[in-house]
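Engineer: Structure provided below as structure tokens; questions to follow.
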Amino acid sequence: EGIGPQEYTLIKLKVLEFHGPLKALEGRNVYLAAATLRPETMYGQTNCYILPDGVYGAFEVTNDEVFIVAERAAKNMAYQDLTKEYGKYAKIMDIKGTDLLGIPLKAPLSSYEKVYALPMLTISMEKGTGVVTSVPSDSPDDYAALRDLKNKAPLREKYGIKQEHVLPFDPVPIINIPELGDLAAIVACEKHKVVSQNDKENLKNAKDECYLKGFYDGVMKVGKYAGVKVQDAKNLVKNDILASGEAAKYWE
Ligand code: A2H
């Protein structure tokens with residue numbers, strides 16, 4: 001926890017097909033909006049994570065767009081000029097986390113044309129939007145949760161996740177870190193013997209190592225800023241995706 005407000009980048013993952021209760025939103029521009037602190041990693045998105053037990057909602061924001069986020073986040077957005085009227089937000093409907101699982105999405109900058117919403121059991125609904133975009137090459141949490149889904153058929157079955165929404169999505173090398181290579185999260189999870197997404201203690205050690213070395217020594221391998229240090233690429237990529245309308249600023 002920081003001492004002051006933290007600036008996040010909201011990544012807009014566009015909903016490509018409407019199933020179940022989401023059918024009511026068909027024909028509109030609907031996005032799962034994921035809060036990230038690492039916009040420069042968006043080249044490596046392989047999926048999006050949702051808390052199955054979480055309660056989300058569809059909210060009208062400016063430019064006739066619909067964001068699917070936790071209601072607490074929609075309320076915050078209303079005071080950040082993201083909604084039509086300052087201080088007010090319009091809810092279209094509540095949506096259960098389980099109703100979002102398996103939805104196909106277009107994730108900006110990702111090398112995968114289509115990615116899917118998958119379950120992650122450690123998401124906090126009290127942080128960001130409750131929607132997490134997944135970069136398993138550089139986030140040990142994301143890698144551990146994806147590995148669980150790839151390796152554990154009963155976990156997929158429990159949440160109705162199809163094999164083809166998980167198995168083809170391998171981590172993408174996007175950042176090189178001298179001591180950890182270009183799939184740092186995998187190396188760190190192996191080194192610290194992370195067994196699953198719930199392995200808090202080992203995950204903490206893997207994350208500490210990855211983030212520190214990534215920020216100071218990481219160099220972009222792909223995209224417009226290939227060869228640029230992560231420290232410098234962060235704001236460059238952020239400004240590009242804000243300018244293209246594929247992201248928005250969000251504070252909390
Ligand atoms: B980050 P902070 Cl590659 N519950 O984005 C759990 N985790 C959440 C969340 C929630 N409600 N909302 C956001 N997050 C994740 C990319 C990334 C992130 C990489 C590496 C590190 C990293 C891809 N996932 O975060 O506690 C999001 O994952 C390291 C901290 O608010 C977001 O950035 O500081 C980060 O945690 C925000 O964490």
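Naming works like this for the structure tokens: A, B, ... for the chains as they're shown, residue 1 at the start of each chain, ligands 1 onward in shown order.
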Kindly provide, as a PyMOL selection string, all nucleotide and amino acid residues lying within 7 Å of ligand 1, counting only C-alpha atoms and all ligand atoms.
Structural biologist: chain A and resi 1+34-38+41+122-136+138-139+142+211
Engineer: Just list the residues in region 22-163 of chain A DSSP gives alpha helix (DSSP H) on the backbone, as a list of chain:residue names.
Structural biologist: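 Restricting region 22-163 of chain A to alpha helix (DSSP H) produces A:Glu71, A:Arg72, A:Ala73, A:Ala74, A:Lys75, A:Asn76, A:Met77, A:Ala78, A:Pro140, A:Asp141, A:Asp142, A:Tyr143, A:Ala144, A:Ala145, A:Leu146, A:Arg147, A:Asp148, A:Leu149, A:Lys150, A:Asn151, A:Ala153, A:Pro154, A:Leu155, A:Arg156, A:Glu157, A:Lys158.
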Engineer: The selected residues should be written to file as a tab-separated table (two decimals), in the first residue's frame (atoms: N, CA and C atoms).
Structural biologist:
chain	number	residue	atom	x	y	z
A	71	GLU	N	-18.36	-2.30	-8.86
A	71	GLU	CA	-19.12	-1.05	-8.68
A	71	GLU	C	-18.32	0.02	-7.94
A	72	ARG	N	-17.49	-0.42	-7.00
A	72	ARG	CA	-16.64	0.53	-6.27
A	72	ARG	C	-15.76	1.33	-7.23
A	73	ALA	N	-15.26	0.66	-8.28
A	73	ALA	CA	-14.41	1.33	-9.27
A	73	ALA	C	-15.23	2.30	-10.12
A	74	ALA	N	-16.46	1.91	-10.47
A	74	ALA	CA	-17.32	2.79	-11.27
A	74	ALA	C	-17.59	4.08	-10.50
A	75	LYS	N	-17.79	3.92	-9.21
A	75	LYS	CA	-18.04	5.08	-8.35
A	75	LYS	C	-16.81	6.01	-8.36
A	76	ASN	N	-15.63	5.43	-8.22
A	76	ASN	CA	-14.40	6.23	-8.29
A	76	ASN	C	-14.28	6.94	-9.63
A	77	MET	N	-14.62	6.23	-10.70
A	77	MET	CA	-14.51	6.81	-12.05
A	77	MET	C	-15.37	8.05	-12.21
A	78	ALA	N	-16.51	8.05	-11.52
A	78	ALA	CA	-17.43	9.18	-11.62
A	78	ALA	C	-16.79	10.48	-11.12
A	140	PRO	N	4.44	-13.24	-11.89
A	140	PRO	CA	4.34	-14.58	-11.29
A	140	PRO	C	2.91	-14.96	-10.92
A	141	ASP	N	2.10	-14.02	-10.42
A	141	ASP	CA	0.70	-14.33	-10.11
A	141	ASP	C	-0.03	-14.81	-11.36
A	142	ASP	N	0.16	-14.09	-12.46
A	142	ASP	CA	-0.52	-14.43	-13.70
A	142	ASP	C	-0.04	-15.77	-14.24
A	143	TYR	N	1.25	-16.00	-14.16
A	143	TYR	CA	1.81	-17.27	-14.65
A	143	TYR	C	1.29	-18.44	-13.82
A	144	ALA	N	1.30	-18.29	-12.48
A	144	ALA	CA	0.88	-19.40	-11.61
A	144	ALA	C	-0.59	-19.75	-11.87
A	145	ALA	N	-1.43	-18.74	-12.07
A	145	ALA	CA	-2.85	-19.00	-12.29
A	145	ALA	C	-3.08	-19.65	-13.66
A	146	LEU	N	-2.33	-19.23	-14.67
A	146	LEU	CA	-2.47	-19.82	-16.01
A	146	LEU	C	-1.97	-21.26	-16.01
A	147	ARG	N	-0.86	-21.49	-15.31
A	147	ARG	CA	-0.31	-22.86	-15.22
A	147	ARG	C	-1.31	-23.78	-14.52
A	148	ASP	N	-1.96	-23.28	-13.46
A	148	ASP	CA	-3.00	-24.08	-12.78
A	148	ASP	C	-4.08	-24.49	-13.78
A	149	LEU	N	-4.54	-23.54	-14.58
A	149	LEU	CA	-5.62	-23.83	-15.54
A	149	LEU	C	-5.17	-24.78	-16.64
A	150	LYS	N	-3.91	-24.66	-17.06
A	150	LYS	CA	-3.39	-25.54	-18.12
A	150	LYS	C	-3.24	-26.96	-17.59
A	151	ASN	N	-2.76	-27.10	-16.34
A	151	ASN	CA	-2.42	-28.42	-15.80
A	151	ASN	C	-3.57	-29.14	-15.12
A	153	ALA	N	-7.28	-30.20	-15.13
A	153	ALA	CA	-8.57	-30.34	-15.81
A	153	ALA	C	-9.76	-30.11	-14.85
A	154	PRO	N	-9.69	-30.63	-13.59
A	154	PRO	CA	-10.83	-30.39	-12.68
A	154	PRO	C	-11.07	-28.90	-12.41
A	155	LEU	N	-10.01	-28.12	-12.38
A	155	LEU	CA	-10.17	-26.67	-12.16
A	155	LEU	C	-10.88	-26.04	-13.36
A	156	ARG	N	-10.48	-26.45	-14.57
A	156	ARG	CA	-11.16	-25.94	-15.77
A	156	ARG	C	-12.62	-26.34	-15.76
A	157	GLU	N	-12.87	-27.62	-15.42
A	157	GLU	CA	-14.25	-28.13	-15.43
A	157	GLU	C	-15.12	-27.39	-14.42
A	158	LYS	N	-14.56	-27.15	-13.25
A	158	LYS	CA	-15.32	-26.45	-12.19
A	158	LYS	C	-15.88	-25.13	-12.71
Engineer: Which neighbours of Leu203 (chain A) fall inside 9 Å, counting only C-alpha atoms, when residues of the same chain fewer than 5 positions from it are skipped, and could you give them as number ranges by chain?
Structural biologist: A: 140-141, 144, 188-189, 192-198, 208
Engineer: Taking 4 positions as the minimum chain separation for residues in the same chain, which residues sit within 9 Å of Lys234 (chain A) when counting only C-alpha atoms? Answer as a ChimeraX atom specification.
Structural biologist: /A:38-41,229-230,238-239
Engineer: Which residues are close to region 25-32 of chain A, i.e. within 6 Å by only C-alpha atoms, leaving aside same-chain residues fewer than 5 positions away? Reply as an MDAnalysis selection string.
Structural biologist: chainID A and resid 12:15 65:68
Engineer: Which of these, A:Asp94, A:Asp64, A:Glu164, A:Glu201, has the shortest distance to Lys114 (chain A) once you count only C-alpha atoms?
Structural biologist: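 Checking each candidate against Lys114 (chain A), we get A:Glu164 as the closest.
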Engineer: At a cut-off of 12 Å, can you tabulate as CSV every residue of region 41-160 of chain A near region 219-227 of chain A together with its closest atom pair and the distance in Å to one decimal, using only C-alpha atoms and ordering rows by chain then number?
Structural biologist:
residue,atom,partner,partner_atom,distance
A:Thr41,CA,A:Met220,CA,8.9
A:Met42,CA,A:Gly223,CA,10.1
A:Tyr43,CA,A:Gly223,CA,7.4
A:Gly44,CA,A:Val222,CA,9.4
A:Leu109,CA,A:Gly223,CA,8.5
A:Ser110,CA,A:Gly223,CA,10.1
A:Ser111,CA,A:Gly223,CA,10.0
A:Asp138,CA,A:Met220,CA,11.7
Engineer: Those same residues - N, CA and C atoms - I'd like them written as a compact mmCIF listing (two decimals), in the first residue's frame.
Structural biologist:
# COMPACT_ATOMS: atom_id res chain seq x y z
N THR A 41 3.91 -3.88 -20.46
CA THR A 41 3.84 -5.34 -20.61
C THR A 41 2.64 -5.80 -21.43
N MET A 42 1.84 -4.87 -21.92
CA MET A 42 0.59 -5.28 -22.58
C MET A 42 0.79 -6.09 -23.86
N TYR A 43 2.02 -6.03 -24.43
CA TYR A 43 2.35 -6.87 -25.59
C TYR A 43 2.24 -8.35 -25.24
N GLY A 44 2.36 -8.66 -23.96
CA GLY A 44 2.41 -10.06 -23.53
C GLY A 44 1.10 -10.60 -22.97
N LEU A 109 -2.59 -4.34 -28.07
CA LEU A 109 -1.15 -4.63 -28.20
C LEU A 109 -0.78 -6.11 -28.10
N SER A 110 -1.70 -6.95 -27.65
CA SER A 110 -1.37 -8.37 -27.51
C SER A 110 -1.10 -9.00 -28.87
N SER A 111 -0.17 -9.97 -28.90
CA SER A 111 0.11 -10.67 -30.16
C SER A 111 -0.97 -11.71 -30.44
N ASP A 138 5.74 -11.94 -17.29
CA ASP A 138 6.36 -10.98 -16.36
C ASP A 138 5.65 -10.85 -15.02
Engineer: Using DSSP secondary structure from the backbone, list all strand (DSSP E or B) positions within region 206-249 of chain A, as a PyMOL selection string.
Structural biologist: chain A and resi 219-220+229+247-249
Engineer: My list of candidates is A:Met93, A:Pro52, A:Leu183, A:Asp232. Which is closest to Asp170 (chain A) when distances are computed with only C-alpha atoms?
Structural biologist: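 Once distances to Asp170 (chain A) are computed over only C-alpha atoms, the minimum belongs to A:Leu183.
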Engineer: How many Å separate CA of Ile161 (chain A) from CA of Lys23 (chain A)?
Structural biologist: 19.2 Å
Engineer: Restricting the calculation to only C-alpha atoms, which member of A:Val172, A:Ala107, A:Leu100, A:Val115 is positioned closest to Tyr159 (chain A)?
Structural biologist: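 Closest to Tyr159 (chain A), using only C-alpha atoms: A:Leu100.
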Engineer: When distances are computed from only C-alpha atoms, which of A:Ile92, A:Leu22, A:Leu16, A:Ala58 shows the smallest separation from Tyr116 (chain A)?
Structural biologist: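 That would be A:Leu16, the residue with the smallest distance to Tyr116 (chain A).
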Engineer: Which residue out of A:Pro168, A:Gly245, A:Glu209, A:Tyr56 has the minimum interatomic distance to Val187 (chain A) when only C-alpha atoms are used?
Structural biologist: A:Glu209
